[in-house]
Amino acid sequence: MKILLILILSISFSKNIQAGSLEALFDSYQQAGVITPKAEQGKLLWNKVFITEKSKGKERSCSSCHGSDVRKSGKHIRTGKLIEPMASSVNLKRFRDVKKTKKWFKRNCKWTIGRECSVQEQVDILKYLTTQ
Amino acid sequence: MKTIITVALVFTLLLTTSIIMGGNTHDEEQEHGYKNTYSRQLDVAPVSNITYAEECGSCHFAYQPGLLPEKSWIKIMTDLENHFDENAELDADLQKELTDYLVQNSADKSNYKRSKRIMRALGKSDAPLRITKTLYFVRKHDEIPYRIVKNNKDIGSFSNCTACHSNAEKGSYNEHDVKIPGYGRWED
């Protein structure tokens, strides 16, 4: 009986993903279909250099503002604004608000790459940022 | 008799004082408007919308709505995708909420001193996208050499209000509060 109770409890807890957790963030992307996040792909995209119509010939990448060591602070290439680290290991609060994450993906993918990032690209980057 | 005269004099004095005081209060209301109930020092109404402070303030100083007219804010808010060469897109709900806040508190609707002066210096159809391009701003900063700002790593741009105006966040741009990094106090 006791074992059964524990079993039921553990199942119900495992289904109950805590809002604001990394799991909840990844889970929100799964609604678009089952995707396997690949940290290696995320890292490649993070450092890939783009020149877009709006960048006026200048090179842009995620790392140009956030830096290539995501555990450290970055600096915006144009405004000089200090940007707090992106890695969850040093700055977990970045990943608590799914809406905010998606807002910044939209803005920054358009600014950097010149288009929105696909769901796959987003989860790859998130996997990279949360495994450093 | 003497007592009656004294009482009458004191009464007259009190009455006159209250009229003068009343007059002053009236003038203050004229100058600062009903919204300014707590300080005569404030130049523009401080930011009162938390969402605005968070959304806009996460990238730059959350400029008070009373620093630009309605037309300017509408222009800015309808092209957030190209926001001074940055992408600052918001979802439709947030964009509307913030536009409403900016419009309702824009310089043309404010009774605060500087908002009124900004408006007075603008042409009727003027809708500058930058506060630094308003005639009032230009006039107030024309004594500051360009290099002091542009070549100063702690300032970088005239749009960086808080670098020199230590009370900008409270809505005060008083020149006595101005401290230019590397140069100290600035008074003309």
# chains A, B, ... in the order shown; residues from 1 in each chain; ligands from 1

call {"tool": "select_by_dssp", "arguments": {"residues": "segment 16-181 of chain B", "states": "helix (DSSP H, G or I)", "output": "MDAnalysis selection string"}}
result
chainID B and resid 16:32 50:57 65:67 70:77 80:82 92:104 107:109 113:121 131:133 135:141 146:150 161:164 168:170 175:177

call {"tool": "closest_atom_pairs", "arguments": {"of": "chain B", "to": "chain A", "cutoff": "9 Å", "atoms": "only C-alpha atoms", "output": "Markdown table"}}
result
| residue | atom | partner | partner_atom | distance |
| --- | --- | --- | --- | --- |
| B:Cys59 | CA | A:Lys81 | CA | 7.6 |
| B:His60 | CA | A:Lys81 | CA | 8.4 |
| B:Glu81 | CA | A:Arg107 | CA | 7.8 |
| B:Asp85 | CA | A:Lys54 | CA | 7.9 |
| B:Glu86 | CA | A:Trp111 | CA | 6.8 |
| B:Asn87 | CA | A:Arg107 | CA | 5.2 |
| B:Ala88 | CA | A:Arg107 | CA | 6.2 |
| B:Glu89 | CA | A:Arg107 | CA | 6.1 |
| B:Leu90 | CA | A:Lys103 | CA | 7.2 |
| B:Asp91 | CA | A:Lys103 | CA | 8.0 |
| B:Gly156 | CA | A:Thr79 | CA | 8.7 |

call {"tool": "write_last_selection", "arguments": {"atoms": "N, CA, C and O atoms", "output": "short mmCIF file (atom, residue, chain, number, x, y, z; two decimals), in the first residue's frame"}}
result
data_model
loop_
_atom_site.label_atom_id
_atom_site.label_comp_id
_atom_site.auth_asym_id
_atom_site.auth_seq_id
_atom_site.Cartn_x
_atom_site.Cartn_y
_atom_site.Cartn_z
N CYS B 59 16.75 48.11 -21.70
CA CYS B 59 17.81 48.43 -22.68
C CYS B 59 18.38 49.83 -22.51
O CYS B 59 19.54 50.06 -22.81
N HIS B 60 17.55 50.76 -22.12
CA HIS B 60 18.04 52.14 -21.98
C HIS B 60 17.28 52.84 -20.88
O HIS B 60 16.29 52.31 -20.37
N GLU B 81 10.37 47.65 -34.64
CA GLU B 81 11.25 46.69 -35.29
C GLU B 81 12.55 47.36 -35.75
O GLU B 81 13.58 46.72 -35.86
N ASP B 85 18.06 51.42 -34.99
CA ASP B 85 18.91 50.33 -35.46
C ASP B 85 18.91 49.10 -34.55
O ASP B 85 19.77 48.23 -34.67
N GLU B 86 17.96 49.04 -33.64
CA GLU B 86 17.81 47.83 -32.83
C GLU B 86 16.42 47.25 -33.12
O GLU B 86 15.54 47.96 -33.61
N ASN B 87 16.25 45.98 -32.79
CA ASN B 87 14.91 45.41 -32.86
C ASN B 87 14.33 45.38 -31.45
O ASN B 87 14.85 44.71 -30.58
N ALA B 88 13.27 46.13 -31.25
CA ALA B 88 12.65 46.22 -29.92
C ALA B 88 11.18 45.83 -29.97
O ALA B 88 10.35 46.33 -29.23
N GLU B 89 10.88 44.89 -30.90
CA GLU B 89 9.49 44.47 -31.10
C GLU B 89 8.81 44.00 -29.82
O GLU B 89 9.41 43.32 -28.99
N LEU B 90 7.54 44.35 -29.70
CA LEU B 90 6.72 43.88 -28.58
C LEU B 90 5.51 43.18 -29.16
O LEU B 90 5.13 43.44 -30.30
N ASP B 91 4.87 42.30 -28.36
CA ASP B 91 3.63 41.74 -28.89
C ASP B 91 2.55 42.82 -28.84
O ASP B 91 2.67 43.83 -28.14
N GLY B 156 29.22 58.87 -23.74
CA GLY B 156 29.07 58.29 -25.08
C GLY B 156 28.04 58.96 -25.96
O GLY B 156 28.19 59.02 -27.17
#

call {"tool": "atom_distance", "arguments": {"atom1": "atom CA of Tyr183 of chain B", "atom2": "atom CA of Pro46 of chain B"}}
result
27.1 Å

call {"tool": "select_by_dssp", "arguments": {"residues": "segment 19-112 of chain A", "states": "strand (DSSP E)", "output": "list of chain:residue names"}}
result
A:Gly74, A:Lys75, A:Leu82, A:Ile83

call {"tool": "residues_around", "arguments": {"residues": "Phe50 of chain A", "least_positions_apart": "4", "cutoff": "12 Å", "atoms": "only C-alpha atoms", "output": "PyMOL selection string"}}
result
chain A and resi 45-46+54-64+109-115

call {"tool": "residues_around", "arguments": {"residues": "segment 84-99 of chain A", "least_positions_apart": "3", "cutoff": "7 Å", "atoms": "only C-alpha atoms", "output": "number ranges by chain"}}
result
A: 20-22, 25, 70-74, 102-103, 129-130, 132

call {"tool": "write_last_selection", "arguments": {"atoms": "N, CA, C and O atoms", "output": "PDB file, in the first residue's frame"}}
result
ATOM      1  N   GLY A  20       8.277  28.167 -14.526  1.00  0.00           N
ATOM      2  CA  GLY A  20       9.496  28.951 -14.357  1.00  0.00           C
ATOM      3  C   GLY A  20      10.756  28.117 -14.357  1.00  0.00           C
ATOM      4  O   GLY A  20      11.856  28.648 -14.303  1.00  0.00           O
ATOM      5  N   SER A  21      10.604  26.788 -14.436  1.00  0.00           N
ATOM      6  CA  SER A  21      11.794  25.934 -14.444  1.00  0.00           C
ATOM      7  C   SER A  21      12.295  25.739 -15.865  1.00  0.00           C
ATOM      8  O   SER A  21      11.594  26.026 -16.831  1.00  0.00           O
ATOM      9  N   LEU A  22      13.518  25.226 -15.974  1.00  0.00           N
ATOM     10  CA  LEU A  22      14.070  24.939 -17.299  1.00  0.00           C
ATOM     11  C   LEU A  22      13.212  23.922 -18.030  1.00  0.00           C
ATOM     12  O   LEU A  22      13.001  24.020 -19.240  1.00  0.00           O
ATOM     13  N   LEU A  25      10.343  25.496 -19.642  1.00  0.00           N
ATOM     14  CA  LEU A  25      10.743  26.238 -20.833  1.00  0.00           C
ATOM     15  C   LEU A  25      10.844  25.292 -22.036  1.00  0.00           C
ATOM     16  O   LEU A  25      10.261  25.544 -23.090  1.00  0.00           O
ATOM     17  N   VAL A  70      29.671  32.077 -22.610  1.00  0.00           N
ATOM     18  CA  VAL A  70      28.340  32.474 -22.139  1.00  0.00           C
ATOM     19  C   VAL A  70      28.226  32.523 -20.608  1.00  0.00           C
ATOM     20  O   VAL A  70      27.206  32.939 -20.072  1.00  0.00           O
ATOM     21  N   ARG A  71      29.290  32.089 -19.943  1.00  0.00           N
ATOM     22  CA  ARG A  71      29.265  32.188 -18.472  1.00  0.00           C
ATOM     23  C   ARG A  71      29.739  33.567 -18.007  1.00  0.00           C
ATOM     24  O   ARG A  71      29.700  33.881 -16.832  1.00  0.00           O
ATOM     25  N   LYS A  72      30.193  34.355 -18.979  1.00  0.00           N
ATOM     26  CA  LYS A  72      30.647  35.706 -18.638  1.00  0.00           C
ATOM     27  C   LYS A  72      29.691  36.767 -19.184  1.00  0.00           C
ATOM     28  O   LYS A  72      28.910  36.487 -20.088  1.00  0.00           O
ATOM     29  N   SER A  73      29.821  37.971 -18.661  1.00  0.00           N
ATOM     30  CA  SER A  73      28.978  39.073 -19.147  1.00  0.00           C
ATOM     31  C   SER A  73      29.378  39.463 -20.557  1.00  0.00           C
ATOM     32  O   SER A  73      30.518  39.269 -20.962  1.00  0.00           O
ATOM     33  N   GLY A  74      28.438  40.019 -21.288  1.00  0.00           N
ATOM     34  CA  GLY A  74      28.725  40.511 -22.620  1.00  0.00           C
ATOM     35  C   GLY A  74      28.565  42.024 -22.665  1.00  0.00           C
ATOM     36  O   GLY A  74      28.191  42.650 -21.673  1.00  0.00           O
ATOM     37  N   LYS A 102      10.990  34.054 -25.417  1.00  0.00           N
ATOM     38  CA  LYS A 102      10.538  34.073 -26.810  1.00  0.00           C
ATOM     39  C   LYS A 102      10.575  35.482 -27.395  1.00  0.00           C
ATOM     40  O   LYS A 102      10.854  35.666 -28.578  1.00  0.00           O
ATOM     41  N   LYS A 103      10.304  36.473 -26.550  1.00  0.00           N
ATOM     42  CA  LYS A 103      10.367  37.870 -27.013  1.00  0.00           C
ATOM     43  C   LYS A 103      11.785  38.206 -27.485  1.00  0.00           C
ATOM     44  O   LYS A 103      11.980  38.767 -28.560  1.00  0.00           O
ATOM     45  N   LEU A 129      22.923  26.885 -23.907  1.00  0.00           N
ATOM     46  CA  LEU A 129      23.037  27.824 -22.788  1.00  0.00           C
ATOM     47  C   LEU A 129      22.799  27.160 -21.427  1.00  0.00           C
ATOM     48  O   LEU A 129      23.304  27.644 -20.416  1.00  0.00           O
ATOM     49  N   THR A 130      22.055  26.071 -21.444  1.00  0.00           N
ATOM     50  CA  THR A 130      21.732  25.450 -20.158  1.00  0.00           C
ATOM     51  C   THR A 130      22.629  24.249 -19.838  1.00  0.00           C
ATOM     52  O   THR A 130      22.374  23.511 -18.886  1.00  0.00           O
ATOM     53  N   GLN A 132      26.209  24.702 -20.079  1.00  0.00           N
ATOM     54  CA  GLN A 132      27.572  25.253 -19.975  1.00  0.00           C
ATOM     55  C   GLN A 132      28.011  25.419 -18.525  1.00  0.00           C
ATOM     56  O   GLN A 132      27.237  25.821 -17.704  1.00  0.00           O
TER      57      GLN A 132
END

call {"tool": "closest_residue", "arguments": {"among": "B:Pro145, B:Gly66, B:Gly57, B:Gly184", "to": "Ile118 of chain B", "atoms": "only C-alpha atoms"}}
result
B:Gly66

call {"tool": "residues_around", "arguments": {"residues": "segment 112-114 of chain B", "least_positions_apart": "3", "cutoff": "6 Å", "atoms": "only C-alpha atoms", "output": "list in words"}}
result
His32, Asp43, Val44, Arg117 and Ile118 of chain B

call {"tool": "residues_around", "arguments": {"residues": "Asn105 of chain B", "least_positions_apart": "4", "cutoff": "8 Å", "atoms": "only C-alpha atoms", "output": "VMD selection string"}}
result
chain B and resid 65 to 66 101 109 to 110

call {"tool": "closest_residue", "arguments": {"among": "B:Cys161, B:Ala107, B:Glu143, B:Ala127", "to": "Val178 of chain B", "atoms": "only C-alpha atoms"}}
result
B:Cys161
